Amino acid sequence: MTELTDFSKLCIHTQTTKPWSIEECIAHFSKSGVRGISIWRHLLEGKDLKKIKTLLEINKMEPVSLVRGGFFPSLESHQRELALQDNRLAIDQAAALGAPVVVLVCGADPGQDLEVSRRQIIDGINQLIPYAKNMGVKLAIEPLHPMYAGDKSAVVSLEQANDMCESIASPMVGVAIDVYHLWWDNNLKNEIFRCGKNKNILAFHVCDWRVPTIDFLTDRGLMGEGCIPIKQIRKWVEEAGFEGYNEVEVFSDRLWAQDQKLYLEDIKKSYINHT
Ligand code: ZN
């Protein structure tokens with residue numbers, strides 16, 4: 001399998017270096033030779049997006065995706081409407097920054113069946129497609145690990161995401177494949193190749209699953225610190241035709257507590273050796 005030999009396809013999520021502002025992420029990533037950045041929306045609050053776009057350009061950083069939209073399901077129709085409004089705002093923000101993709105954490109409402117939530121997700125995405133198309137921004141359905149099915153995502157496998165994409169059947173909608181959420185699935189290889197046939201892989205996220213994991217939200221590992229066969233999964237994703245960035249997305253109280261500049265060097269080492 002092809003080894004990574006440089007950082008030309010390394011993208012880092014701003015949430016990976018959570019203590020940093022958007023300006024600090026751009027400056028430090030760029031200085032250390034990272035070219036891709038996926039931007040979490042809370043860092044944009046109160047910011048002039050034109051200035052951020054200029055900052056990205058000056059520092060030769062490529063905005064890979066905006067994170068995140070979604071959260072479509074609700075028992076309340078009013079909430080579902082608010083979610084659509086927020087997704088339109090996310091699409092506007094992505095377009096303003098030049099990011100080609102909004103990643104969708106699709107949502108779930110614990111008060112209703114997962115199947116109902118999944119129908120509301122498909123309905124929500126269908127309603128957004130004309131707007132997304134007009135703005136030139138694609139929507140990536142990110143299946144989450146089943147432990148999040150209660151309230152974060154009724155989409156918990158790549159098979160479900162692929163079923164949704166095939167029923168929606170729009171070139172504006174694809175999937176984000178995150179090894180943390182999908183590594184356990186014995187059907188993963190086949191489903192990645194199914195994406196390949198549909199040409200709809202929009203993003204590839206990497207980190208590692210620590211054993212034992214002490215917190216299921218904020219104890220992810222750097223690549224090489226856990227049990228996910230990351231190189232194998234990257235190989236399948238590339239065989240399926242994906243040529244985009246490998247996005248490092250790590251949420252970790254342990255790593256956020258470190259000096260973030262030193263941590264950035266560890267991210268690069270872990271990327272070259274274990275991705
Ligand atoms: Zn992810």
# chains A, B, ... in the order shown; residues from 1 in each chain; ligands from 1

call {"tool": "residues_near_ligand", "arguments": {"ligand": "ligand 1", "cutoff": "10 Å", "atoms": "only C-alpha atoms and all ligand atoms", "output": "list in words"}}
result
His13, Val67, Arg68, Val103, Leu104, Val105, Glu142, Pro143, Leu144, Ala176, Ile177, Asp178, Val179, Tyr180, His181, Ala203, Phe204, His205, Val206, Cys207, Glu247, Val248, Glu249 and Val250 of chain A

call {"tool": "select_by_dssp", "arguments": {"residues": "segment 63-254 of chain A", "states": "alpha helix (DSSP H)", "output": "PyMOL selection string"}}
result
chain A and resi 77-97+114-135+158-168+179-182+188-198+230-239+253-254

call {"tool": "closest_residue", "arguments": {"among": "A:Ser65, A:Ser74, A:Gln127, A:Gln112", "to": "Asn87 of chain A", "atoms": "only C-alpha atoms"}}
result
A:Gln127

call {"tool": "closest_residue", "arguments": {"among": "A:Met147, A:Met172, A:Leu188, A:Leu139", "to": "Glu159 of chain A", "atoms": "only C-alpha atoms"}}
result
A:Leu188

call {"tool": "closest_residue", "arguments": {"among": "A:Ala140, A:Leu49, A:Ile125, A:Leu56", "to": "Arg35 of chain A", "atoms": "only C-alpha atoms"}}
result
A:Leu56

call {"tool": "closest_residue", "arguments": {"among": "A:Pro73, A:Pro212, A:Gly46, A:Gly174", "to": "Val116 of chain A", "atoms": "only C-alpha atoms"}}
result
A:Pro73

call {"tool": "closest_atom_pairs", "arguments": {"of": "segment 112-227 of chain A", "to": "segment 267-273 of chain A", "cutoff": "7 Å", "atoms": "only C-alpha atoms", "output": "tab-separated table"}}
result
residue	atom	partner	partner_atom	distance
A:Leu222	CA	A:Ser270	CA	6.7
A:Met223	CA	A:Ser270	CA	5.6
A:Gly224	CA	A:Ser270	CA	6.5

call {"tool": "write_last_selection", "arguments": {"atoms": "N, CA, C and O atoms", "output": "JSON list (two decimals), in the first residue's frame"}}
result
[["chain", "number", "residue", "atom", "x", "y", "z"],
["A", 222, "LEU", "N", -4.35, 10.22, 18.51],
["A", 222, "LEU", "CA", -3.66, 10.50, 17.26],
["A", 222, "LEU", "C", -3.47, 9.17, 16.52],
["A", 222, "LEU", "O", -3.41, 8.11, 17.14],
["A", 223, "MET", "N", -3.33, 9.24, 15.22],
["A", 223, "MET", "CA", -3.14, 8.05, 14.43],
["A", 223, "MET", "C", -1.92, 7.28, 14.97],
["A", 223, "MET", "O", -0.86, 7.87, 15.19],
["A", 224, "GLY", "N", -2.10, 5.97, 15.20],
["A", 224, "GLY", "CA", -1.03, 5.16, 15.78],
["A", 224, "GLY", "C", -1.20, 4.93, 17.27],
["A", 224, "GLY", "O", -0.52, 4.10, 17.85]]

call {"tool": "residues_around", "arguments": {"residues": "Leu44 of chain A", "least_positions_apart": "3", "cutoff": "12 Å", "atoms": "only C-alpha atoms", "output": "PyMOL selection string"}}
result
chain A and resi 14+21-23+39-41+47-53+66-68+89-90+93-94+96-97

call {"tool": "select_by_dssp", "arguments": {"residues": "segment 29-240 of chain A", "states": "strand (DSSP E)", "output": "JSON, numbers by chain"}}
result
{"A": [36, 37, 38, 39, 40, 62, 63, 64, 65, 66, 67, 68, 69, 70, 101, 102, 103, 104, 105, 138, 139, 140, 141, 173, 174, 175, 176, 177, 178, 201, 202, 203, 204, 205, 206]}

call {"tool": "closest_residue", "arguments": {"among": "A:Cys106, A:Ala240, A:Val173, A:Met164", "to": "Gly136 of chain A", "atoms": "only C-alpha atoms"}}
result
A:Val173

call {"tool": "atom_distance", "arguments": {"atom1": "atom CA of Pro130 of chain A", "atom2": "atom CA of Asp151 of chain A"}}
result
27.2 Å
